[in-house]
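A.B. asks: Take this structure first; my questions come after.
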Amino acid sequence: MADITITINGVHLQAKENETILNIARANGIFIPAICYLSCCSPTLACRLCMADVDGKRVYTCNAKAKDGQVIVTNTPEIEAERRAIMEVYAVNHPLECGVCDKSGECELQNYVHETKINNQRYSVANTYRDVQNWGNIRYDASLCIVCERCVTVCKDKIGEAALKTVPRGEELAVPKEYKDIMPKDAYAVWNKMQKSLIDKVRDENGNIVDCVRCGECSAVCPTGALVEKDFHYISNAWELKRIPAANPHSSDCAPIYYEVKQQSIDNPSPKIYRVQSEYNFMPLSEAARYGYDFENANAIKNKETFQDVVNFIKNSAGTILFNSFITNEEALILQKLKERFSLKLVNEDAYVYKRFLKAMSKCSGHTLYQGTLESIQKSDFIVTVGSMLRYDAPNAGYALNSALKMNRAAALYCHPIKDKVVQGFSKNLLELNYRPGSEEALLYLLLEIFTPLSELDDTTSEYLQSFHAKFNKTVDSNEAKEVTSKLWDIVGIENKSAQIETMMSGKNRFSLIIGEDVLTHPRWQNMAYIVGTLERLANFKAVIIPTQTNTLGVSLICELDEYIEGKTLGYNRFGDMTMSAFGYGFDMPALNQQEGTFTNIDKRAVPTNAALPYDGYELNDIASELGIWAKYTIDYTKKLPVSAGFKEIAFDDLKTDFDNAGNDVRGYALEIQSADISKTPINFKNVTLSGDIVYRLNPVSQFSFFTNQASKLNRKGVLFASKEFIDSHNLFSGQNVKITSRNGAILYLDIEEDKNISGEFAYLPTFDKMLNVYPFFEEYRFATFTIKGVYDDE
């Protein structure tokens with residue numbers, strides 16, 4: 001888009017053509033009131049406060065696109081009078097309960113009433129009763145609702161659920177028509193809508209509320225106290241809470257959050273997290289990020305005897321530290337230093353798989369890291385996602401996909417064996433390709449065939465395709481290429497969609513490719529890494545390789561990881577011969593809400609997180625210091641993170657923790673992506689097939705790990721989740737106890753539960769419940785075949 005120059009209130013500004021005037025003003029620190037608009041969402045024109053005069057014509061800046069040379073005035077006497085009238089009608093019959101309202105002190109209605117200096121009321125209408133409703137974690141008080149529609153908009157345009165809507169209260173409640181002639185027209189329109197409408201949950205044909213993901217984003221964006229978290233109602237005043245900036249500790253989006261903390265009571269001065277807040281204009285939160293906050297190691301002690309046992313193990317065992325990626329970059333660096341000093345093995349299967357994929361991909365992409373980000377997905381007009389149940393694995397990547405579809409009118413291919421009913425509802429421009437489990441390699445070859453014309457391939461890539469085509473005893477020419485494409489569609493088990501995809505691609509030029517864990521763990525991962533690298537280099541794709549745990553990317557860059565365990569094991573947040581953990585087992589360690597440090601997120605940024613709660617036990621840095629690897633604080637390692645891996649020598653306290661006015665994430669810093677040599681790599685093709693009862697390794701939408709399940713609002717028992725089709729085909733019922741037997745004879749008894757958002761004959765086993773050890777049932781790949789029977793079938 002072309003650069004343009006506009007003038008707002010006498011200030012000359014540079015902007016991009018087709019940006020809205022309101023967003024340009026916000027990015028440049030010019031205040032224009034707006035109580036209904038959210039960045040990156042559709043404008044609703046519900047409040048009309050953002051009005052301005054553009055070249056003498058009245059417009060609403062949330063909806064008006066900037067054009068070169070425009071002169072914009074936002075604060076004429078007429079505009080100020082209109083805004084004052086709008087705020088007066090918002091105050092009509094609004095309950096005078098600010099002293100006890102949960103939103104008081106951070107209420108936008110309250111702020112705008114003060115901003116417009118409302119101290120009298122010219123308008124009135126008879127009040128009517130409005131019911132209070134409980135929606136899961138959310139309480140809706142309709143008497144406090146101004147029908148700004150933020151909740152409706154964020155649910156549709158960011159989350160992709162469309163679980164809320166405006167509903168009529170009745171024409172008899174309309175504002176008396178005599179007001180139409182004596183008050184400003186915009187104020188009358190706003191008042192009439194507010195008087196006649198409410199917000200309600202979307203309901204099915206039987207009148208039952210349609211379940212949603214329960215992310216809580218609707219309450220986060222609500223400008224009044226109409227939507228609040230049920231557990232926060234009448235619990236604390238907003239101004240009593242201390243805001244601590246942090247990053248989502250549960251998944252690799254590492255979205256910015258604020259832990260809001262105060263003491264528990266006069267008798268108990270110890271601090272407690274009361275809620276999590278967010279930068280809702282710029283990045284929504286998943287349910288786990290919002291509600292999974294109280295997972296701290298609250299009863300940790302300093303056990304000197306056990307501490308010495310851990311020190312002696314590291315010093316003398318020459319064994320293995322077994323760990324996961326729910327750690328900070330600084331802890332990863334400490335583990336690497338312990339490995340180097342004491343000849344230990346470091347085993348982290350999650351980061352190992354990720355690291356090897358990136359390394360193989362770099363041989364064909366020409367750079368050490370993938371090029372895409374969540375923002376580049378959001379700004380794309382064509383997105384392909386392969387090998388991830390996106391809403392489950394990486395909710396914020398799912399939000400970015402939905403936003404691109406809604407706001408950019410993008411097209412998308414959503415490729416996964418399991419059908420996701422919510423994703424199906426994102427857009428009519430989304431084509432869901434439900435391929436056979438195991439056929440991801442053939443699918444990626446299809447993408448290479450479709451998105452990279454043979455005439456545009458370089459010599460190296462041509463060799464790949466020639467090798468692949470040779471597998472089908474074909475030569476590379478246009479007619480034979482079509483034959484190969486047809487065979488690939490047969491392998492993935494989908495009717496040939498090439499022509500439909502080419503139609504969807506028409507006019508698109510900003511491509512994103514999202515790759516999930518199914519590809520990383522596939523037996524043919526190496527070949528697929530080469531294909532992904534080639535697509536990024538030659539097909540105009542910006543790829544995003546989803547890090548599977550919070551700091552998978554950081555660990556993979558910092559640690560030299562080993563594939564196999566040797567000797568005895570010391571588990572860090574993993575079970576080992578000796579265990580140190582934050583989940584109440586073995587030697588105490590701090591949880592991530594009790595630590596300072598950085599994560600390397602999906603956007604390839606080192607982002608800071610801060611401790612919200614105290615911790616009374618030993619830390620990993622204490623162990624390392626005792627062993628001669630000394631630092632006063634763990635965060636002293638922040639500026640020592642390896643520059644060779646793209647990190648920068650910046651101290652922790654110098655890292656920013658927020659977004660700028662334009663919505664750019666300026667937390668921490670972006671890693672330096674380095675170039676890599678492109679090499680000729682041998683290519684071959686081998687299809688992987690699965691048969692029998694196919695079960696997937698996956699956590700439900702609200703869960704990621706033991707830590708999310710430790711949080712009070714998320715805690716639940718692990719079960720076998722399944723589609724209705726799977727349950728019916730096995731003559732089972734939701735809630736029944738079942739017996740699962742793996743191919744190697746492992747047996748597990750647990751309940752089966754329907755996941756109403758998936759379809760197709762599939763079930764999935766979660767990993768979040770530490771009482772269920774599901775790993776013996778899978779090899780590296782996420783799909784496996786089991787035998788599943790109702791317990792009564794064995795009787």
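By convention here, the chains of the structure tokens are called A, B, ... in the order presented, each chain's residues are numbered starting at 1, and ligands are numbered starting at 1 in the order presented.
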What are the nearest atom pairs, with distances in Å to one decimal, for all residues of stretch 515-582 of chain A that come at most 9 Å from stretch 355-378 of chain A, using only C-alpha atoms, set out by chain and rising residue number as CSV?

C.D. replies:
```
residue,atom,partner,partner_atom,distance
A:Leu520,CA,A:Phe357,CA,6.3
A:Trp525,CA,A:Phe357,CA,7.0
A:Gln526,CA,A:Ala360,CA,6.3
A:Asn527,CA,A:Ala360,CA,8.4
A:Met528,CA,A:Met361,CA,8.2
A:Ala529,CA,A:Met361,CA,4.5
A:Tyr530,CA,A:Met361,CA,5.1
A:Ile531,CA,A:Cys364,CA,7.7
A:Val532,CA,A:Met361,CA,6.6
A:Gly533,CA,A:Ser365,CA,4.1
A:Thr534,CA,A:Cys364,CA,5.3
A:Leu535,CA,A:Ser365,CA,7.9
A:Glu536,CA,A:Ser365,CA,6.1
A:Arg537,CA,A:Ser365,CA,5.0
A:Leu538,CA,A:Ser365,CA,8.4
A:Phe541,CA,A:Gly372,CA,8.3
A:Lys542,CA,A:Gly372,CA,4.6
A:Ala543,CA,A:Gly372,CA,4.9
A:Val544,CA,A:Gly372,CA,5.0
A:Ile545,CA,A:Tyr370,CA,6.9
A:Thr552,CA,A:Lys355,CA,8.7
A:Leu553,CA,A:Lys355,CA,7.7
A:Val555,CA,A:Lys355,CA,8.7
A:Ser556,CA,A:Lys355,CA,5.1
A:Leu557,CA,A:Lys355,CA,7.3
A:Leu561,CA,A:Lys355,CA,8.7
```

A.B. asks: Would you export the selected residues with N, CA, C and O atoms as a short mmCIF file (atom, residue, chain, number, x, y, z; two decimals), in the first residue's frame, please?

C.D. replies:
```cif
data_model
loop_
_atom_site.label_atom_id
_atom_site.label_comp_id
_atom_site.auth_asym_id
_atom_site.auth_seq_id
_atom_site.Cartn_x
_atom_site.Cartn_y
_atom_site.Cartn_z
N LEU A 520 6.49 -32.58 12.58
CA LEU A 520 7.78 -32.66 13.27
C LEU A 520 8.06 -34.06 13.81
O LEU A 520 9.22 -34.49 13.88
N TRP A 525 9.88 -37.02 8.84
CA TRP A 525 10.04 -35.61 9.18
C TRP A 525 11.13 -34.92 8.36
O TRP A 525 11.00 -33.75 7.99
N GLN A 526 12.24 -35.62 8.10
CA GLN A 526 13.37 -34.97 7.43
C GLN A 526 13.00 -34.55 6.00
O GLN A 526 13.26 -33.42 5.59
N ASN A 527 12.39 -35.46 5.28
CA ASN A 527 11.97 -35.14 3.93
C ASN A 527 11.00 -33.96 3.93
O ASN A 527 11.04 -33.06 3.08
N MET A 528 10.09 -33.96 4.91
CA MET A 528 9.09 -32.89 4.99
C MET A 528 9.72 -31.56 5.38
O MET A 528 9.29 -30.50 4.93
N ALA A 529 10.77 -31.60 6.19
CA ALA A 529 11.49 -30.36 6.52
C ALA A 529 12.11 -29.76 5.26
O ALA A 529 12.09 -28.53 5.07
N TYR A 530 12.65 -30.61 4.38
CA TYR A 530 13.20 -30.11 3.12
C TYR A 530 12.10 -29.44 2.28
O TYR A 530 12.32 -28.39 1.67
N ILE A 531 10.92 -30.07 2.23
CA ILE A 531 9.83 -29.52 1.43
C ILE A 531 9.38 -28.17 2.00
O ILE A 531 9.16 -27.20 1.26
N VAL A 532 9.23 -28.09 3.32
CA VAL A 532 8.80 -26.84 3.95
C VAL A 532 9.82 -25.73 3.68
O VAL A 532 9.46 -24.59 3.34
N GLY A 533 11.11 -26.05 3.80
CA GLY A 533 12.15 -25.07 3.50
C GLY A 533 12.09 -24.60 2.06
O GLY A 533 12.28 -23.42 1.75
N THR A 534 11.82 -25.53 1.14
CA THR A 534 11.71 -25.19 -0.27
C THR A 534 10.50 -24.30 -0.53
O THR A 534 10.58 -23.33 -1.29
N LEU A 535 9.37 -24.62 0.11
CA LEU A 535 8.18 -23.79 -0.06
C LEU A 535 8.42 -22.37 0.45
O LEU A 535 7.99 -21.39 -0.18
N GLU A 536 9.14 -22.25 1.55
CA GLU A 536 9.40 -20.91 2.07
C GLU A 536 10.34 -20.14 1.15
O GLU A 536 10.16 -18.94 0.92
N ARG A 537 11.32 -20.83 0.59
CA ARG A 537 12.31 -20.13 -0.24
C ARG A 537 11.79 -19.79 -1.62
O ARG A 537 12.08 -18.71 -2.15
N LEU A 538 10.97 -20.67 -2.22
CA LEU A 538 10.62 -20.49 -3.63
C LEU A 538 9.15 -20.19 -3.88
O LEU A 538 8.82 -19.74 -4.98
N PHE A 541 6.04 -18.30 0.54
CA PHE A 541 5.44 -18.57 1.84
C PHE A 541 6.33 -18.02 2.96
O PHE A 541 7.55 -18.13 2.90
N LYS A 542 5.68 -17.47 4.00
CA LYS A 542 6.34 -17.25 5.28
C LYS A 542 5.86 -18.36 6.20
O LYS A 542 4.67 -18.45 6.51
N ALA A 543 6.78 -19.20 6.61
CA ALA A 543 6.41 -20.36 7.42
C ALA A 543 6.46 -20.03 8.91
O ALA A 543 7.26 -19.19 9.35
N VAL A 544 5.61 -20.68 9.67
CA VAL A 544 5.66 -20.67 11.13
C VAL A 544 5.65 -22.12 11.59
O VAL A 544 4.71 -22.86 11.28
N ILE A 545 6.72 -22.53 12.26
CA ILE A 545 6.81 -23.88 12.80
C ILE A 545 6.41 -23.78 14.28
O ILE A 545 7.15 -23.21 15.09
N THR A 552 9.96 -24.14 23.74
CA THR A 552 10.59 -25.14 22.89
C THR A 552 11.65 -24.51 21.99
O THR A 552 12.75 -25.06 21.83
N LEU A 553 11.33 -23.38 21.38
CA LEU A 553 12.28 -22.73 20.48
C LEU A 553 13.52 -22.28 21.23
O LEU A 553 14.65 -22.51 20.78
N VAL A 555 14.82 -23.43 24.09
CA VAL A 555 15.62 -24.59 24.51
C VAL A 555 16.37 -25.18 23.32
O VAL A 555 17.55 -25.54 23.43
N SER A 556 15.70 -25.27 22.17
CA SER A 556 16.33 -25.87 21.00
C SER A 556 17.52 -25.04 20.50
O SER A 556 18.46 -25.59 19.92
N LEU A 557 17.48 -23.74 20.74
CA LEU A 557 18.57 -22.87 20.31
C LEU A 557 19.72 -22.82 21.32
O LEU A 557 20.88 -22.61 20.94
N LEU A 561 21.27 -30.95 22.73
CA LEU A 561 20.38 -31.99 23.25
C LEU A 561 20.81 -33.37 22.78
O LEU A 561 21.33 -33.53 21.67
#
```

A.B. asks: Quick one: residues within 6 Å of stretch 616-630 of chain A, only C-alpha atoms counted, chain neighbours fewer than 3 positions away excluded, as a PyMOL selection string?

C.D. replies: chain A and resi 300-302+589+634

A.B. asks: Create the file for the chosen residues now, containing all heavy atoms and written as a PDB file, in the first residue's frame.

C.D. replies:
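Result went into selection_7.pdb, see below:
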```
ATOM      1  N   ALA A 300       6.821 -24.651  49.063  1.00  0.00           N
ATOM      2  CA  ALA A 300       8.225 -25.024  48.884  1.00  0.00           C
ATOM      3  C   ALA A 300       9.049 -24.696  50.125  1.00  0.00           C
ATOM      4  O   ALA A 300       8.808 -23.701  50.812  1.00  0.00           O
ATOM      5  CB  ALA A 300       8.801 -24.294  47.677  1.00  0.00           C
ATOM      6  N   ILE A 301      10.011 -25.561  50.388  1.00  0.00           N
ATOM      7  CA  ILE A 301      10.937 -25.344  51.507  1.00  0.00           C
ATOM      8  C   ILE A 301      12.362 -25.586  51.009  1.00  0.00           C
ATOM      9  O   ILE A 301      12.573 -26.204  49.967  1.00  0.00           O
ATOM     10  CB  ILE A 301      10.628 -26.284  52.690  1.00  0.00           C
ATOM     11  CG1 ILE A 301      10.723 -27.743  52.232  1.00  0.00           C
ATOM     12  CG2 ILE A 301       9.267 -25.977  53.278  1.00  0.00           C
ATOM     13  CD1 ILE A 301      10.645 -28.746  53.380  1.00  0.00           C
ATOM     14  N   LYS A 302      13.323 -25.103  51.772  1.00  0.00           N
ATOM     15  CA  LYS A 302      14.725 -25.354  51.462  1.00  0.00           C
ATOM     16  C   LYS A 302      15.199 -26.572  52.258  1.00  0.00           C
ATOM     17  O   LYS A 302      15.540 -26.468  53.431  1.00  0.00           O
ATOM     18  CB  LYS A 302      15.577 -24.130  51.786  1.00  0.00           C
ATOM     19  CG  LYS A 302      15.379 -23.001  50.792  1.00  0.00           C
ATOM     20  CD  LYS A 302      16.397 -21.883  51.003  1.00  0.00           C
ATOM     21  CE  LYS A 302      16.283 -20.839  49.896  1.00  0.00           C
ATOM     22  NZ  LYS A 302      17.265 -19.741  50.035  1.00  0.00           N
ATOM     23  N   MET A 589      11.063 -26.909  43.248  1.00  0.00           N
ATOM     24  CA  MET A 589      11.554 -25.914  42.304  1.00  0.00           C
ATOM     25  C   MET A 589      10.442 -24.903  42.057  1.00  0.00           C
ATOM     26  O   MET A 589       9.260 -25.197  42.282  1.00  0.00           O
ATOM     27  CB  MET A 589      11.973 -26.577  40.975  1.00  0.00           C
ATOM     28  CG  MET A 589      13.146 -27.534  41.100  1.00  0.00           C
ATOM     29  SD  MET A 589      14.678 -26.731  41.609  1.00  0.00           S
ATOM     30  CE  MET A 589      15.172 -25.987  40.063  1.00  0.00           C
ATOM     31  N   THR A 634      19.333 -15.529  38.658  1.00  0.00           N
ATOM     32  CA  THR A 634      19.119 -16.255  37.403  1.00  0.00           C
ATOM     33  C   THR A 634      19.110 -15.303  36.217  1.00  0.00           C
ATOM     34  O   THR A 634      19.630 -15.614  35.137  1.00  0.00           O
ATOM     35  CB  THR A 634      17.795 -17.038  37.467  1.00  0.00           C
ATOM     36  OG1 THR A 634      17.849 -17.961  38.571  1.00  0.00           O
ATOM     37  CG2 THR A 634      17.557 -17.804  36.180  1.00  0.00           C
TER      38      THR A 634
END
```

A.B. asks: Record the distance separating atom CA of A:Leu45 and atom CA of A:Pro256, expressed in Å with one decimal.

C.D. replies: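 About the pair atom CA of A:Leu45 and atom CA of A:Pro256: they are 28.3 Å apart.
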
A.B. asks: Assign secondary structure with DSSP using the backbone only, and return the residues of stretch 655-791 of chain A in helix (DSSP H, G or I) as JSON, numbers by chain.

C.D. replies: {"A": [706, 707, 708, 709, 710, 724, 725, 726, 727, 728, 729, 775, 776, 777, 791]}

A.B. asks: Set the distance at 10 Å and use only C-alpha atoms: which residues neighbour stretch 768-772 of chain A once local chain neighbours fewer than 4 positions away are removed? I'd like the list as a list in words.

C.D. replies: Arg574, Phe575, Phe583, Leu698, Asn699, Pro700, Gln703, Phe704, Ser705, Phe706, Phe707, Thr708, Asn709, Gln710, Asn715, Arg716, Lys717, Gly718, Val719, Leu748, Tyr749 and Leu750 of chain A

A.B. asks: Leaving out A:Gly516 and any residue of its chain fewer than 2 positions from it, which residues lie within 10 Å of it when counting only C-alpha atoms, given as a PyMOL selection string?

C.D. replies: chain A and resi 385-390+393-394+416+513-514+518-521+544-548

A.B. asks: Using N, CA and C atoms, can you write the selected residues to a file as a compact mmCIF listing (two decimals), in the first residue's frame?

C.D. replies:
```
# COMPACT_ATOMS: atom_id res chain seq x y z
N THR A 385 -2.34 -24.46 6.67
CA THR A 385 -1.90 -25.04 7.93
C THR A 385 -1.92 -26.56 7.82
N VAL A 386 -0.81 -27.20 8.22
CA VAL A 386 -0.64 -28.64 8.08
C VAL A 386 -0.14 -29.23 9.39
N GLY A 387 -0.81 -30.28 9.86
CA GLY A 387 -0.27 -31.07 10.97
C GLY A 387 -0.50 -30.50 12.34
N SER A 388 -1.55 -29.70 12.51
CA SER A 388 -1.85 -29.17 13.83
C SER A 388 -3.35 -29.02 14.00
N MET A 389 -3.87 -29.46 15.15
CA MET A 389 -5.21 -29.08 15.57
C MET A 389 -5.06 -27.69 16.18
N LEU A 390 -5.16 -26.69 15.34
CA LEU A 390 -4.64 -25.36 15.64
C LEU A 390 -5.27 -24.75 16.89
N ASP A 393 -3.65 -26.86 19.82
CA ASP A 393 -2.19 -26.81 19.97
C ASP A 393 -1.67 -25.39 20.19
N ALA A 394 -2.23 -24.44 19.46
CA ALA A 394 -1.70 -23.07 19.46
C ALA A 394 -2.85 -22.09 19.26
N HIS A 416 -5.87 -31.31 8.21
CA HIS A 416 -5.69 -32.19 9.36
C HIS A 416 -6.69 -33.33 9.26
N LEU A 513 2.43 -20.32 5.82
CA LEU A 513 2.39 -21.77 5.98
C LEU A 513 2.63 -22.08 7.45
N ILE A 514 1.65 -22.73 8.09
CA ILE A 514 1.75 -23.09 9.51
C ILE A 514 1.97 -24.59 9.60
N ASP A 518 2.49 -32.69 14.19
CA ASP A 518 2.33 -33.94 13.45
C ASP A 518 3.43 -34.11 12.42
N VAL A 519 3.84 -33.00 11.81
CA VAL A 519 4.90 -33.04 10.80
C VAL A 519 6.26 -33.24 11.47
N LEU A 520 6.49 -32.58 12.58
CA LEU A 520 7.78 -32.66 13.27
C LEU A 520 8.06 -34.06 13.81
N THR A 521 6.99 -34.78 14.20
CA THR A 521 7.18 -36.09 14.81
C THR A 521 6.95 -37.24 13.83
N VAL A 544 5.61 -20.68 9.67
CA VAL A 544 5.66 -20.67 11.13
C VAL A 544 5.65 -22.12 11.59
N ILE A 545 6.72 -22.53 12.26
CA ILE A 545 6.81 -23.88 12.80
C ILE A 545 6.41 -23.78 14.28
N ILE A 546 5.25 -24.30 14.63
CA ILE A 546 4.71 -24.09 15.97
C ILE A 546 5.59 -24.75 17.03
N PRO A 547 6.18 -23.98 17.94
CA PRO A 547 6.89 -24.60 19.06
C PRO A 547 5.87 -25.29 19.97
N THR A 548 6.13 -26.51 20.32
CA THR A 548 5.11 -27.34 20.95
C THR A 548 4.91 -27.10 22.43
```

A.B. asks: Report as a PyMOL selection string all protein, DNA and RNA residues lying within 10 Å of A:Gln14, evaluated on only C-alpha atoms, omitting residues in the same chain fewer than 3 positions from it.

C.D. replies: chain A and resi 3-7+17+24+28+68

A.B. asks: If you count only C-alpha atoms, which residues fall within 9 Å of A:Ile694, apart from same-chain ones fewer than 4 positions away, as number ranges by chain?

C.D. replies: A: 437, 690, 761-764, 783-787

A.B. asks: For A:Thr503, find every residue with an atom within 12 Å (counting only C-alpha atoms), except residues of its own chain fewer than 3 positions away, and show them as a ChimeraX atom specification.

C.D. replies: /A:382,411-412,429,431,450,497-500,506-508

A.B. asks: What does the structure give for the distance between atom CA of A:Asp102 and atom CA of A:Leu144, in Å to one decimal?

C.D. replies: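 Distance reported for this atom pair: 11.1 Å.
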
A.B. asks: Using the chain letters and numbers from this document, which residues of stretch 515-694 of chain A does DSSP assign to strand (DSSP E), as a list of chain:residue names?

C.D. replies: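 DSSP-assigned strand (DSSP E) residues in stretch 515-694 of chain A: A:Ile515, A:Phe541, A:Lys542, A:Ala543, A:Val544, A:Ile545, A:Thr569, A:Leu570, A:Gly571, A:Tyr572, A:Met578, A:Thr579, A:Met580, A:Ser581, A:Phe587, A:Asp588, A:Gly597, A:Thr598, A:Phe599, A:Thr600, A:Arg605, A:Ala606, A:Val607, A:Pro608, A:Thr609, A:Tyr669, A:Ala670, A:Asp693, A:Ile694.
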
A.B. asks: Per residue of stretch 23-68 of chain A within 12 Å of stretch 110-121 of chain A, record the nearest atom pair and its distance in Å to one decimal, counting only C-alpha atoms, with rows in chain order and ascending residue number, as a tab-separated table.

C.D. replies:
```
residue	atom	partner	partner_atom	distance
A:Phe31	CA	A:Glu115	CA	11.6
A:Ile32	CA	A:Tyr112	CA	11.3
A:Pro33	CA	A:Tyr112	CA	8.0
A:Ala34	CA	A:Tyr112	CA	9.3
A:Ile35	CA	A:Tyr112	CA	8.6
A:Cys47	CA	A:Tyr112	CA	11.8
A:Leu49	CA	A:Tyr112	CA	10.0
```

A.B. asks: Using C-alpha atoms, can you export the residues from the last selection as an mmCIF file, in the first residue's frame?

C.D. replies:
```
data_model
loop_
_atom_site.group_PDB
_atom_site.id
_atom_site.type_symbol
_atom_site.label_atom_id
_atom_site.label_comp_id
_atom_site.auth_asym_id
_atom_site.auth_seq_id
_atom_site.Cartn_x
_atom_site.Cartn_y
_atom_site.Cartn_z
ATOM 1 C CA PHE A 31 -6.703 10.760 21.279
ATOM 2 C CA ILE A 32 -10.036 10.133 19.583
ATOM 3 C CA PRO A 33 -12.654 8.661 21.939
ATOM 4 C CA ALA A 34 -14.184 5.321 20.969
ATOM 5 C CA ILE A 35 -15.918 2.932 23.333
ATOM 6 C CA CYS A 47 -20.994 4.378 19.985
ATOM 7 C CA LEU A 49 -17.929 8.845 19.685
#
```

A.B. asks: Hey, which of A:Glu349, A:Thr569, A:Pro223, A:Cys145 ends up closest to A:Ile314? Count only C-alpha atoms.

C.D. replies: A:Thr569

A.B. asks: Return the single residue from A:Lys158, A:Lys345, A:Arg275, A:Lys739 that is closest to A:Cys41, with distances computed using only C-alpha atoms.

C.D. replies: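 The answer is A:Lys158, which sits nearest to A:Cys41.
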
A.B. asks: Between atom CA of A:Cys98 and atom CA of A:Phe659, what distance in Å does the model show, to one decimal?

C.D. replies: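 We find that atom CA of A:Cys98 and atom CA of A:Phe659 lie 29.7 Å from each other.
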
A.B. asks: Could you check the closest approach to A:Ser270 for each of A:Ala189, A:Leu447, A:Ala612, A:Ala15 and tell me which residue wins, using only C-alpha atoms?

C.D. replies: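 Of the candidates, the smallest distance to A:Ser270 is held by A:Ala612.
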